[in-house]
Amino acid sequence: MNDPTALRDRWLQAIAAATDPAALAELDSRLFGPKGEVLDFVRSVTTLPKEERPAFGKAANAIKQEVEQALAARREAFGKQTLAKELAASDFDPTEPGPRLPRGALHPITIVQNELIDLFTSMGFQWQDGPEVESEYYNFDALNIPQDHPARESQDTFWLSDGNLLRTHTSPVQVRTMQRLTKQGFHPPLKVVVPGRCFRSETVDKTHEHTFYQMEGLVVDRHVSTANLIHTMKTCLRVILERDVQVRLRPGFFPFVEPGFELDVNCPFCKGAGCSVCKQSGWIEILPCGMVHPNVLRQGGIDPEQFTGFAFGMGLQRVVMLRYGIDDIRQFMGGDLRFLQQFPEVAR
Ligand code: PHE
């Protein structure tokens, strides 16, 4: 039998002597192909007496590895040579900067959503997510919305053929969150915000869209009151509208809160004097909110005798429109670059 060291030297020499990638590929299949020399050599261990096998096997494997590495190194060297040759032959300059394309920017809804998330997380809220395809239970039943409530009607709700629906608000995530936490053994305090896309079968006009964005907020703890709700909303509106604000509450009906409110903010355009935006009232309706209904807390696995909570559902488009003075909600989904380029915050 051939001396292993002599074999190894012969193979390494052959690799070093290969003059081009084709010769190297041929050598590769001669050494490592189905009847390759190197593999034959390793397999020849079976022809040896038992006691010699371990030592031979070890040495043969080391040689095999060495030859493989030499092949790979040579292949890489050829690759570099080829690339260098191609580059030298063309006038391509890889160091030249590319063309300066205009940079993308964030959508105004995303800008405001990010600011709100920063603000709420700084106040100790957690950011939660929920599904856009929702069950009837979470969208309605769990929120104390009875079977015959008009919100369920098909002219409002996009029903799917499997009985599910496109969520009509972000409120289903209230019960989802409470259930998830209580099932894991957690108890309030609980503070979450849920930004998300919602859908309603609306006739689209200046102030209505079938696809819109909300930011839900939910706080549950001992002794949570309407005063906490007002304070939180004022803080949030002050930051997002970049001015000091006054708010007022009017009664509003939502089956999942009791009492329920419509929260108004003083009109930024006329400073309360009355103008066309606020319909001469001096106030703009900005978000619905209220104290979480005991039935909703129960659905979430929380005892309403011990805990209370508040919730709000901010329409993001509405806030963005107020903040930037946009007068037509259709702009947001219209895909008109002239509109979008007016919000120059570059993508982070
Ligand atoms: N989910 C309600 C809606 O979309 C808004 C809301 C949220 C009201 C939370 C009260 C409390 O219309």
# chains A, B, ... in the order shown; residues from 1 in each chain; ligands from 1

call {"tool": "closest_atom_pairs", "arguments": {"of": "chain A", "to": "ligand 1", "cutoff": "6 Å", "atoms": "only C-alpha atoms and all ligand atoms", "output": "CSV"}}
result
residue,atom,partner,partner_atom_place_in_ligand_line,distance
A:His169,CA,ligand 1,4 (O),4.4
A:Ser171,CA,ligand 1,1 (N),4.9
A:Phe254,CA,ligand 1,8 (C),5.8
A:Pro288,CA,ligand 1,8 (C),4.5
A:Cys289,CA,ligand 1,10 (C),3.7
A:Gly290,CA,ligand 1,11 (C),5.3
A:Ala311,CA,ligand 1,11 (C),4.6
A:Phe312,CA,ligand 1,9 (C),3.7
A:Gly313,CA,ligand 1,7 (C),3.6

call {"tool": "write_last_selection", "arguments": {"atoms": "N, CA and C atoms", "output": "PDB file, in the first residue's frame"}}
result
ATOM      1  N   HIS A 169     -62.879  48.028  16.159  1.00  0.00           N
ATOM      2  CA  HIS A 169     -62.180  48.923  17.090  1.00  0.00           C
ATOM      3  C   HIS A 169     -61.051  48.145  17.752  1.00  0.00           C
ATOM      4  N   SER A 171     -60.794  47.937  20.968  1.00  0.00           N
ATOM      5  CA  SER A 171     -61.242  47.529  22.315  1.00  0.00           C
ATOM      6  C   SER A 171     -61.185  46.020  22.589  1.00  0.00           C
ATOM      7  N   PHE A 254     -71.238  53.899  25.368  1.00  0.00           N
ATOM      8  CA  PHE A 254     -70.533  52.730  24.832  1.00  0.00           C
ATOM      9  C   PHE A 254     -70.809  51.623  25.826  1.00  0.00           C
ATOM     10  N   PRO A 288     -63.511  59.158  22.587  1.00  0.00           N
ATOM     11  CA  PRO A 288     -64.432  58.550  23.527  1.00  0.00           C
ATOM     12  C   PRO A 288     -63.660  57.800  24.610  1.00  0.00           C
ATOM     13  N   CYS A 289     -64.241  57.790  25.817  1.00  0.00           N
ATOM     14  CA  CYS A 289     -63.549  57.135  26.926  1.00  0.00           C
ATOM     15  C   CYS A 289     -64.565  56.822  28.018  1.00  0.00           C
ATOM     16  N   GLY A 290     -64.107  56.270  29.107  1.00  0.00           N
ATOM     17  CA  GLY A 290     -65.034  55.987  30.203  1.00  0.00           C
ATOM     18  C   GLY A 290     -64.424  55.057  31.228  1.00  0.00           C
ATOM     19  N   ALA A 311     -60.823  53.426  30.304  1.00  0.00           N
ATOM     20  CA  ALA A 311     -60.382  53.058  28.958  1.00  0.00           C
ATOM     21  C   ALA A 311     -60.664  54.227  28.032  1.00  0.00           C
ATOM     22  N   PHE A 312     -59.856  54.324  26.993  1.00  0.00           N
ATOM     23  CA  PHE A 312     -60.130  55.339  25.973  1.00  0.00           C
ATOM     24  C   PHE A 312     -59.809  54.760  24.609  1.00  0.00           C
ATOM     25  N   GLY A 313     -60.410  55.331  23.574  1.00  0.00           N
ATOM     26  CA  GLY A 313     -60.173  54.846  22.212  1.00  0.00           C
ATOM     27  C   GLY A 313     -59.949  56.041  21.309  1.00  0.00           C
TER      28      GLY A 313
END

call {"tool": "residues_around", "arguments": {"residues": "Arg167 in chain A", "least_positions_apart": "2", "cutoff": "6 Å", "atoms": "only C-alpha atoms", "output": "tab-separated table (two decimals) with N, CA and C atoms, in the first residue's frame"}}
result
chain	number	residue	atom	x	y	z
A	132	GLU	N	-56.14	41.66	13.70
A	132	GLU	CA	-57.06	42.47	12.90
A	132	GLU	C	-58.29	41.64	12.51
A	134	GLU	N	-60.83	39.32	13.93
A	134	GLU	CA	-61.21	39.14	15.32
A	134	GLU	C	-62.44	38.24	15.39
A	165	LEU	N	-64.62	38.45	11.87
A	165	LEU	CA	-64.85	39.77	11.31
A	165	LEU	C	-63.56	40.57	11.34
A	169	HIS	N	-62.88	48.03	16.16
A	169	HIS	CA	-62.18	48.92	17.09
A	169	HIS	C	-61.05	48.14	17.75
A	198	CYS	N	-58.21	49.40	12.25
A	198	CYS	CA	-59.59	48.93	12.42
A	198	CYS	C	-60.36	49.17	11.13

call {"tool": "residues_around", "arguments": {"residues": "range 34-41 of chain A", "least_positions_apart": "5", "cutoff": "12 Å", "atoms": "only C-alpha atoms", "output": "list in words"}}
result
Met1, Asn2, Asp3, Pro4, Thr5, Leu7, Arg8, Arg10, Trp11, Leu12, Glu26, Leu27, Asp28, Ser29, Thr46, Thr47, Leu48, Phe56, Gly57, Ala59, Ala60, Asn61, Ala62, Ile63, Lys64, Gln65, Glu66, Val67 and Glu68 of chain A

call {"tool": "closest_residue", "arguments": {"among": "A:Ile145, A:Leu249, A:Val220, A:Ile286", "to": "Gly300 in chain A", "atoms": "only C-alpha atoms"}}
result
A:Val220

call {"tool": "atom_distance", "arguments": {"atom1": "CA of Phe199 in chain A", "atom2": "CA of Thr235 in chain A"}}
result
28.0 Å

call {"tool": "closest_atom_pairs", "arguments": {"of": "range 210-279 of chain A", "to": "range 315-324 of chain A", "cutoff": "6 Å", "atoms": "only C-alpha atoms", "output": "CSV"}}
result
residue,atom,partner,partner_atom,distance
A:Tyr213,CA,A:Leu316,CA,5.4
A:Gln214,CA,A:Gly315,CA,4.5
A:Leu241,CA,A:Arg323,CA,5.4

call {"tool": "atom_distance", "arguments": {"atom1": "CA of Gly33 in chain A", "atom2": "CA of Asp9 in chain A"}}
result
19.3 Å

call {"tool": "closest_residue", "arguments": {"among": "A:Met291, A:Val133, A:Leu340, A:Leu24", "to": "Phe253 in chain A", "atoms": "only C-alpha atoms"}}
result
A:Met291

call {"tool": "residues_around", "arguments": {"residues": "range 267-272 of chain A", "least_positions_apart": "2", "cutoff": "12 Å", "atoms": "only C-alpha atoms", "output": "VMD selection string"}}
result
chain A and resid 237 to 238 241 to 248 264 to 265 274 to 286 319 321 to 325

call {"tool": "select_by_dssp", "arguments": {"residues": "range 75-312 of chain A", "states": "strand (DSSP E or B)", "output": "ChimeraX atom specification"}}
result
/A:105,126-127,133-134,159,165-166,190-199,205,208,211-221,247-251,257-266,283-292,308-312

call {"tool": "residues_around", "arguments": {"residues": "Val204 in chain A", "least_positions_apart": "5", "cutoff": "9 Å", "atoms": "only C-alpha atoms", "output": "list in words"}}
result
Glu209, His210, Ile329 and Arg330 of chain A

call {"tool": "select_by_dssp", "arguments": {"residues": "range 75-305 of chain A", "states": "helix (DSSP H, G or I)", "output": "VMD selection string"}}
result
chain A and resid 75 to 89 108 to 122 136 to 139 141 to 143 150 to 152 172 to 183 226 to 241 294 to 299

call {"tool": "decode", "arguments": {"residues": "range 12-41 of chain A", "atoms": "N, CA, C and O atoms", "output": "tab-separated table (two decimals), in the first residue's frame"}}
result
chain	number	residue	atom	x	y	z
A	12	LEU	N	-1.38	17.35	-2.44
A	12	LEU	CA	-1.20	18.79	-2.19
A	12	LEU	C	-0.47	19.44	-3.36
A	12	LEU	O	-0.79	20.56	-3.77
A	13	GLN	N	0.51	18.71	-3.91
A	13	GLN	CA	1.24	19.25	-5.07
A	13	GLN	C	0.30	19.45	-6.25
A	13	GLN	O	0.35	20.45	-6.95
A	14	ALA	N	-0.55	18.44	-6.47
A	14	ALA	CA	-1.47	18.52	-7.60
A	14	ALA	C	-2.38	19.74	-7.45
A	14	ALA	O	-2.65	20.47	-8.42
A	15	ILE	N	-2.81	19.99	-6.21
A	15	ILE	CA	-3.69	21.15	-5.99
A	15	ILE	C	-2.93	22.44	-6.29
A	15	ILE	O	-3.42	23.35	-6.97
A	16	ALA	N	-1.70	22.50	-5.77
A	16	ALA	CA	-0.90	23.71	-6.00
A	16	ALA	C	-0.64	23.92	-7.49
A	16	ALA	O	-0.50	25.05	-7.96
A	17	ALA	N	-0.58	22.80	-8.24
A	17	ALA	CA	-0.20	22.89	-9.65
A	17	ALA	C	-1.39	23.20	-10.57
A	17	ALA	O	-1.19	23.51	-11.75
A	18	ALA	N	-2.62	23.08	-10.03
A	18	ALA	CA	-3.79	23.35	-10.88
A	18	ALA	C	-3.71	24.79	-11.36
A	18	ALA	O	-3.53	25.71	-10.56
A	19	THR	N	-3.87	25.00	-12.68
A	19	THR	CA	-3.61	26.34	-13.22
A	19	THR	C	-4.87	27.17	-13.38
A	19	THR	O	-4.77	28.38	-13.56
A	20	ASP	N	-6.03	26.54	-13.40
A	20	ASP	CA	-7.26	27.34	-13.54
A	20	ASP	C	-8.43	26.63	-12.83
A	20	ASP	O	-8.30	25.47	-12.43
A	21	PRO	N	-9.55	27.34	-12.67
A	21	PRO	CA	-10.69	26.77	-11.94
A	21	PRO	C	-11.17	25.45	-12.53
A	21	PRO	O	-11.57	24.54	-11.79
A	22	ALA	N	-11.12	25.29	-13.86
A	22	ALA	CA	-11.59	24.05	-14.48
A	22	ALA	C	-10.72	22.87	-14.05
A	22	ALA	O	-11.22	21.80	-13.68
A	23	ALA	N	-9.39	23.09	-14.07
A	23	ALA	CA	-8.47	22.03	-13.67
A	23	ALA	C	-8.71	21.66	-12.21
A	23	ALA	O	-8.67	20.48	-11.83
A	24	LEU	N	-9.00	22.68	-11.40
A	24	LEU	CA	-9.22	22.43	-9.97
A	24	LEU	C	-10.51	21.62	-9.76
A	24	LEU	O	-10.55	20.70	-8.94
A	25	ALA	N	-11.54	21.94	-10.55
A	25	ALA	CA	-12.81	21.20	-10.42
A	25	ALA	C	-12.60	19.74	-10.80
A	25	ALA	O	-13.13	18.82	-10.17
A	26	GLU	N	-11.78	19.52	-11.84
A	26	GLU	CA	-11.52	18.15	-12.28
A	26	GLU	C	-10.78	17.38	-11.18
A	26	GLU	O	-11.12	16.24	-10.87
A	27	LEU	N	-9.81	18.06	-10.62
A	27	LEU	CA	-9.04	17.45	-9.54
A	27	LEU	C	-9.96	17.11	-8.35
A	27	LEU	O	-9.85	16.04	-7.75
A	28	ASP	N	-10.86	18.03	-8.08
A	28	ASP	CA	-11.81	17.83	-6.97
A	28	ASP	C	-12.57	16.53	-7.16
A	28	ASP	O	-12.68	15.70	-6.25
A	29	SER	N	-13.10	16.31	-8.38
A	29	SER	CA	-13.89	15.09	-8.56
A	29	SER	C	-12.98	13.86	-8.60
A	29	SER	O	-13.39	12.79	-8.18
A	30	ARG	N	-11.72	14.04	-9.04
A	30	ARG	CA	-10.81	12.89	-9.02
A	30	ARG	C	-10.49	12.47	-7.59
A	30	ARG	O	-10.37	11.29	-7.29
A	31	LEU	N	-10.38	13.46	-6.70
A	31	LEU	CA	-10.03	13.14	-5.30
A	31	LEU	C	-11.24	12.79	-4.44
A	31	LEU	O	-11.20	11.88	-3.63
A	32	PHE	N	-12.33	13.58	-4.65
A	32	PHE	CA	-13.48	13.42	-3.74
A	32	PHE	C	-14.76	12.92	-4.41
A	32	PHE	O	-15.79	12.83	-3.77
A	33	GLY	N	-14.71	12.66	-5.70
A	33	GLY	CA	-15.88	12.16	-6.43
A	33	GLY	C	-16.26	10.78	-5.94
A	33	GLY	O	-15.67	10.26	-4.98
A	34	PRO	N	-17.26	10.13	-6.60
A	34	PRO	CA	-17.76	8.82	-6.16
A	34	PRO	C	-16.63	7.78	-5.98
A	34	PRO	O	-16.64	7.03	-5.01
A	35	LYS	N	-15.68	7.77	-6.91
A	35	LYS	CA	-14.58	6.81	-6.72
A	35	LYS	C	-13.28	7.54	-6.44
A	35	LYS	O	-12.20	7.16	-6.89
A	36	GLY	N	-13.41	8.67	-5.73
A	36	GLY	CA	-12.28	9.57	-5.51
A	36	GLY	C	-11.14	8.91	-4.75
A	36	GLY	O	-11.37	8.07	-3.88
A	37	GLU	N	-9.92	9.36	-5.08
A	37	GLU	CA	-8.72	8.76	-4.47
A	37	GLU	C	-8.68	8.95	-2.95
A	37	GLU	O	-8.35	8.04	-2.20
A	38	VAL	N	-9.03	10.17	-2.53
A	38	VAL	CA	-8.93	10.45	-1.10
A	38	VAL	C	-9.95	9.61	-0.32
A	38	VAL	O	-9.63	9.02	0.72
A	39	LEU	N	-11.16	9.53	-0.87
A	39	LEU	CA	-12.19	8.75	-0.17
A	39	LEU	C	-11.81	7.26	-0.16
A	39	LEU	O	-11.99	6.59	0.86
A	40	ASP	N	-11.29	6.78	-1.28
A	40	ASP	CA	-10.82	5.38	-1.34
A	40	ASP	C	-9.80	5.11	-0.25
A	40	ASP	O	-9.83	4.10	0.44
A	41	PHE	N	-8.90	6.11	-0.16
A	41	PHE	CA	-7.82	5.97	0.82
A	41	PHE	C	-8.38	5.88	2.23
A	41	PHE	O	-8.00	5.00	3.01
